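What's in my_file.txt: compact mmCIF, C-alpha atoms
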# COMPACT_ATOMS: atom_id res chain seq x y z
CA MET A 45 5.39 26.13 24.80
CA ASN A 46 8.74 27.88 24.32
CA SER A 47 11.78 26.00 23.10
CA THR A 48 13.55 25.99 26.49
CA LEU A 49 10.60 24.31 28.22
CA GLN A 50 10.25 21.84 25.35
CA GLN A 51 13.91 20.90 25.61
CA SER A 52 13.56 20.46 29.37
CA ASP A 53 10.55 18.18 28.92
CA ASP A 54 12.34 16.18 26.23
CA ALA A 55 15.39 15.72 28.47
CA ALA A 56 13.20 14.61 31.39
CA ALA A 57 11.46 12.06 29.18
CA THR A 58 14.84 10.77 27.99
CA ILE A 59 16.05 10.41 31.60
CA ASP A 60 12.95 8.39 32.47
CA ARG A 61 13.53 6.14 29.47
CA TRP A 62 17.23 5.74 30.22
CA LEU A 63 16.67 4.90 33.88
CA ALA A 64 13.95 2.40 32.97
CA ARG A 65 16.38 0.68 30.60
CA GLU A 66 19.07 0.66 33.31
CA ARG A 67 16.70 -1.07 35.73
CA GLU A 68 15.92 -3.72 33.12
CA VAL A 69 19.61 -4.38 32.55
CA ARG A 70 20.45 -4.62 36.24
CA LEU A 71 17.79 -7.30 36.72
CA LEU A 72 19.55 -9.48 34.15
CA LEU A 73 23.23 -8.88 34.91
CA GLY A 74 25.11 -11.49 36.90
CA GLN A 75 27.32 -10.86 39.89
CA PRO A 76 30.70 -9.25 39.09
CA GLY A 77 33.53 -11.69 38.57
CA LYS A 78 36.48 -12.74 36.45
CA ILE A 79 35.66 -14.57 33.22
CA PRO A 80 38.18 -17.31 32.32
CA THR A 81 40.26 -16.47 29.26
CA ALA A 82 39.20 -19.72 27.59
CA GLU A 83 35.57 -18.60 27.75
CA ILE A 84 36.23 -15.41 25.78
CA GLY A 85 37.03 -17.23 22.56
CA ARG A 86 34.19 -19.76 22.68
CA SER A 87 31.80 -17.48 20.78
CA SER A 88 31.84 -14.36 18.63
CA GLY A 89 32.54 -11.07 20.37
CA LEU A 90 28.93 -9.97 20.03
CA GLU A 91 27.59 -13.20 21.51
CA PHE A 92 30.12 -13.00 24.36
CA LEU A 93 28.91 -9.50 25.25
CA ASN A 94 25.28 -10.57 24.95
CA ARG A 95 25.94 -13.51 27.28
CA ILE A 96 27.17 -11.02 29.87
CA GLY A 97 24.06 -8.93 29.29
CA ARG A 98 21.84 -11.99 29.81
CA GLY A 99 23.58 -12.89 33.05
CA GLU A 100 25.08 -16.10 31.64
CA LEU A 101 28.59 -14.82 32.39
CA PRO A 102 29.76 -12.59 35.27
CA SER A 103 29.49 -8.85 34.80
CA ALA A 104 32.67 -6.75 34.74
CA PRO A 105 33.86 -5.75 38.25
CA ILE A 106 34.73 -2.25 36.98
CA GLY A 107 31.02 -1.70 36.37
CA GLN A 108 30.33 -2.28 40.05
CA ALA A 109 33.19 -0.01 41.11
CA PHE A 110 31.90 2.94 39.02
CA ASP A 111 28.22 1.90 38.97
CA PHE A 112 27.68 1.79 35.20
CA VAL A 113 26.08 -0.82 32.97
CA PRO A 114 25.83 -1.79 29.28
CA VAL A 115 22.47 -0.67 27.93
CA GLU A 116 22.82 -1.28 24.17
CA CYS A 117 24.91 -3.79 22.24
CA GLU A 118 24.91 -4.54 18.53
CA ARG A 119 27.57 -5.36 15.97
CA GLY A 120 29.96 -2.39 15.85
CA ARG A 121 28.16 -0.30 18.48
CA VAL A 122 28.02 -0.53 22.30
CA VAL A 123 26.56 1.92 24.83
CA PHE A 124 27.25 2.16 28.57
CA GLN A 125 25.27 4.25 31.04
CA GLY A 126 26.11 5.65 34.46
CA THR A 127 25.29 8.55 36.74
CA PRO A 128 28.16 10.76 37.98
CA LYS A 129 28.39 11.07 41.78
CA ALA A 130 30.26 13.26 44.24
CA ASP A 131 32.15 10.07 45.20
CA TYR A 132 33.97 10.42 41.89
CA TYR A 133 35.07 14.04 42.40
CA ASN A 134 38.64 15.25 41.97
CA PRO A 135 40.17 17.91 44.29
CA ILE A 136 38.83 20.80 42.16
CA GLY A 137 35.17 19.88 42.52
CA THR A 138 34.24 18.03 39.33
CA VAL A 139 34.03 14.36 38.36
CA HIS A 140 37.50 12.89 37.88
CA GLY A 141 38.60 12.39 34.29
CA GLY A 142 39.30 8.76 35.09
CA TYR A 143 35.56 8.13 35.39
CA ILE A 144 34.93 9.64 31.97
CA ALA A 145 37.86 7.72 30.50
CA THR A 146 36.60 4.45 31.98
CA LEU A 147 33.13 4.78 30.46
CA LEU A 148 34.48 5.75 27.05
CA ASP A 149 37.24 3.13 27.09
CA SER A 150 34.61 0.50 27.90
CA ALA A 151 32.33 1.67 25.08
CA VAL A 152 34.94 1.90 22.32
CA GLY A 153 36.74 -1.28 23.37
CA CYS A 154 33.55 -3.32 23.51
CA ALA A 155 32.44 -1.87 20.18
CA VAL A 156 35.57 -3.38 18.63
CA HIS A 157 35.01 -6.62 20.55
CA SER A 158 31.48 -6.86 19.15
CA MET A 159 32.92 -7.15 15.63
CA LEU A 160 35.27 -10.06 16.36
CA GLU A 161 34.71 -13.59 15.14
CA GLN A 162 34.89 -16.62 17.40
CA GLY A 163 38.41 -17.36 18.61
CA PHE A 164 39.68 -13.77 18.53
CA GLY A 165 40.38 -11.25 21.26
CA TYR A 166 41.70 -7.70 21.49
CA THR A 167 43.64 -5.31 23.66
CA THR A 168 43.83 -1.52 23.64
CA LEU A 169 46.94 -0.03 22.06
CA GLU A 170 45.92 3.61 22.36
CA LEU A 171 43.11 5.70 23.86
CA ASN A 172 42.83 9.40 23.00
CA LEU A 173 40.42 11.53 24.99
CA ASN A 174 39.15 15.08 24.60
CA PHE A 175 37.28 16.62 27.55
CA VAL A 176 34.66 19.08 26.32
CA ARG A 177 32.93 20.15 29.55
CA PRO A 178 32.98 19.00 33.19
CA LEU A 179 30.69 16.42 34.77
CA THR A 180 29.19 17.01 38.23
CA ASP A 181 26.80 15.18 40.51
CA ARG A 182 24.05 17.38 39.08
CA THR A 183 24.56 16.27 35.47
CA GLY A 184 22.29 13.25 35.75
CA PRO A 185 22.71 10.01 33.80
CA VAL A 186 25.18 9.98 30.92
CA ARG A 187 25.82 7.56 28.10
CA ALA A 188 29.10 6.55 26.48
CA GLU A 189 28.45 5.39 22.94
CA GLY A 190 31.21 3.54 21.10
CA THR A 191 31.13 2.97 17.34
CA VAL A 192 33.62 1.12 15.17
CA ILE A 193 35.17 3.23 12.40
CA ASN A 194 37.35 0.58 10.76
CA LEU A 195 38.31 -3.03 11.35
CA SER A 196 41.10 -4.98 9.69
CA ARG A 197 42.59 -8.37 10.51
CA GLN A 198 44.85 -6.95 13.21
CA ILE A 199 43.64 -3.44 14.04
CA GLY A 200 40.30 -2.07 15.18
CA ILE A 201 39.57 1.66 15.37
CA ALA A 202 36.56 3.10 17.16
CA GLU A 203 35.28 6.44 18.40
CA GLY A 204 33.13 7.31 21.39
CA ARG A 205 30.96 10.16 22.66
CA LEU A 206 29.86 10.87 26.22
CA ILE A 207 26.49 12.66 26.25
CA ASP A 208 23.72 13.58 28.68
CA SER A 209 19.97 13.22 28.25
CA ALA A 210 19.79 16.44 26.24
CA GLY A 211 22.45 15.23 23.81
CA LYS A 212 25.10 17.60 25.19
CA LEU A 213 28.64 16.38 24.52
CA TYR A 214 30.98 16.05 27.52
CA ALA A 215 33.89 14.12 26.03
CA HIS A 216 35.04 12.43 22.82
CA ALA A 217 37.42 9.51 22.47
CA THR A 218 39.14 7.41 19.84
CA THR A 219 40.85 4.08 20.32
CA THR A 220 43.16 1.77 18.43
CA CYS A 221 42.96 -1.90 19.38
CA LEU A 222 45.17 -4.86 18.51
CA ILE A 223 43.25 -7.94 17.36
CA PHE A 224 44.75 -11.40 17.85
CA ALA A 225 43.85 -15.08 17.85
CA LEU A 226 43.17 -16.51 21.29
CA PRO A 227 44.71 -19.81 22.40
CA GLN A 228 42.40 -22.68 21.55
CA ALA A 229 40.48 -24.03 24.53
CA ALA A 230 41.14 -27.67 25.22
CA ALA A 231 38.35 -29.81 23.81
CA PRO A 232 36.67 -32.30 26.17
CA ILE A 233 38.05 -35.84 25.88
CA VAL A 234 35.45 -38.17 24.45
CA GLN A 235 35.89 -41.92 24.65
CA ALA A 236 33.84 -44.68 23.07
CA GLY A 237 31.67 -44.94 26.16
CA GLY A 238 31.01 -41.18 26.33
CA PRO A 239 32.71 -38.12 27.83
CA THR A 240 35.52 -38.74 30.30
CA ARG A 241 34.48 -38.23 33.90
CA GLY A 242 36.58 -37.65 36.95
CA ASN A 243 37.20 -40.35 39.53
CA ALA A 244 34.26 -41.09 41.77
CA SER A 245 36.50 -41.42 44.81
Output the file's structure as structure tokens, nothing else.
Amino acid sequence: MNSTLQQSDDAAATIDRWLAREREVRLLLGQPGKIPTAEIGRSSGLEFLNRIGRGELPSAPIGQAFDFVPVECERGRVVFQGTPKADYYNPIGTVHGGYIATLLDSAVGCAVHSMLEQGFGYTTLELNLNFVRPLTDRTGPVRAEGTVINLSRQIGIAEGRLIDSAGKLYAHATTTCLIFALPQAAAPIVQAGGPTRGNAS
């Protein structure tokens, strides 16, 4: 078998594996919704993201809007997957850069979040993006992989790559995130007879 056919077969096998993983994830994800700020700091960043993945917390509404999901999550590394559609086209006939930026921003931001200890949050200070080649509705599924480069007490830096099933690079991103302590959630009031309950009336 020549190298071109081998590469085509490898890419097809990767697509099958990717789409199978996406189906698994979608079965577990909860309905999109807003997560209360107090809930974000109740666990480490990695556990918070895993709770979303297990459907214990609502999924991010932006994922529904652009039809992408988290497919891998570990400390310092997060991967999102989506399939470009004609619905996302710009006026010149390719997928809008905002779609690419959204996937990469999600990947690099969540990669930083996955490194945070309980009680800490983050926000993006800067996102730099380099577009390498255009996406179309014929590209097939793509993955945005975010990896943390450096983390200090106040700053997190991560990079991201958007690739297709053959490993072809479509865009590269870097981000700088501000890390900060979240307000402490109010602890439940416990009296001698047990937790306080609301009025029965």
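Distances to Arg86 (chain A) were evaluated for A:Asn172, A:Asn134, A:Thr180, A:Gln228 using all atoms listed in the file, and the minimum falls at A:Gln228.
Of the listed residues (A:Leu73, A:Thr81, A:Ile223, A:Thr146), A:Leu73 comes nearest to Ile96 (chain A); the distances count only C-alpha atoms.
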- Top pick for closest residue to Gly85 (chain A), considering A:Thr191, A:Ser150, A:Gln162, A:Thr58 and counting all atoms listed in the file: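 Selected residue with least distance to Gly85 (chain A): A:Gln162.
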- Atomic distance CA of Asp60 (chain A) - CA of Gly97 (chain A), expressed in Å with one decimal: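 CA of Gly97 (chain A) lies at a distance of 20.8 Å from CA of Asp60 (chain A).
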- Query: Between A:Arg187, A:His140, A:Arg119, A:Arg182, which one has atoms that come closest to Ser88 (chain A), using all atoms listed in the file?
  - Reply: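 So, comparing all the options, the nearest one is A:Arg119.
For the residues A:Ala56, A:Ile144, A:Met159, A:Ala217, ranking by smallest atom-to-atom distance to Phe92 (chain A) using all atoms listed in the file places A:Met159 first.
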- Determine the nearest neighbour of Ser158 (chain A) from the options A:Lys129, A:Arg65, A:Lys78, A:Arg121, counting all atoms listed in the file.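 The answer is A:Arg121, which sits nearest to Ser158 (chain A).
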- Item | One-decimal distance in Å that lies between CA of Leu72 (chain A) and CA of Thr168 (chain A) | 27.6 Å
- May I ask for the distance between CA of Ile84 (chain A) and CA of Ala155 (chain A), given in Å to one decimal place?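 We find that CA of Ile84 (chain A) and CA of Ala155 (chain A) lie 15.1 Å from each other.
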- Query: So which residues touch Gly107 (chain A) within 10 Å, counting only C-alpha atoms, skipping near sequence neighbours fewer than 2 positions away, as a ChimeraX atom specification?
  - Reply: /A:76,103-105,109-114,124-126,146-147,150
Would you pick out the contacts of region 135-137 of chain A at 10 Å or less, using all atoms listed in the file, so that residues sharing its chain but fewer than 6 positions from it are not included, and give the list as a short mmCIF file (atom, residue, chain, number, x, y, z; two decimals) with C-alpha atoms, keeping the file's coordinate frame?
data_model
loop_
_atom_site.label_atom_id
_atom_site.label_comp_id
_atom_site.auth_asym_id
_atom_site.auth_seq_id
_atom_site.Cartn_x
_atom_site.Cartn_y
_atom_site.Cartn_z
CA PRO A 178 32.98 19.00 33.19
CA LEU A 179 30.69 16.42 34.77
CA THR A 180 29.19 17.01 38.23
CA ASP A 181 26.80 15.18 40.51
#
Axis-aligned box for all listed atoms of region 106-111 of chain A, 4 Å per side, centre and edges in Å to one decimal, as AutoDock Vina command-line options:
--center_x 31.5 --center_y 0.3 --center_z 38.7 --size_x 14.5 --size_y 13.2 --size_z 12.7
Selection as a PDB file with C-alpha atoms, keeping the file's coordinate frame: residues within 6 Å of (16.4, 17.5, 27.1), counting only C-alpha atoms:
ATOM      1  CA  GLN A  51      13.910  20.900  25.610  1.00  0.00           C
ATOM      2  CA  SER A  52      13.560  20.460  29.370  1.00  0.00           C
ATOM      3  CA  ASP A  54      12.340  16.180  26.230  1.00  0.00           C
ATOM      4  CA  ALA A  55      15.390  15.720  28.470  1.00  0.00           C
ATOM      5  CA  SER A 209      19.970  13.220  28.250  1.00  0.00           C
ATOM      6  CA  ALA A 210      19.790  16.440  26.240  1.00  0.00           C
TER       7      ALA A 210
END
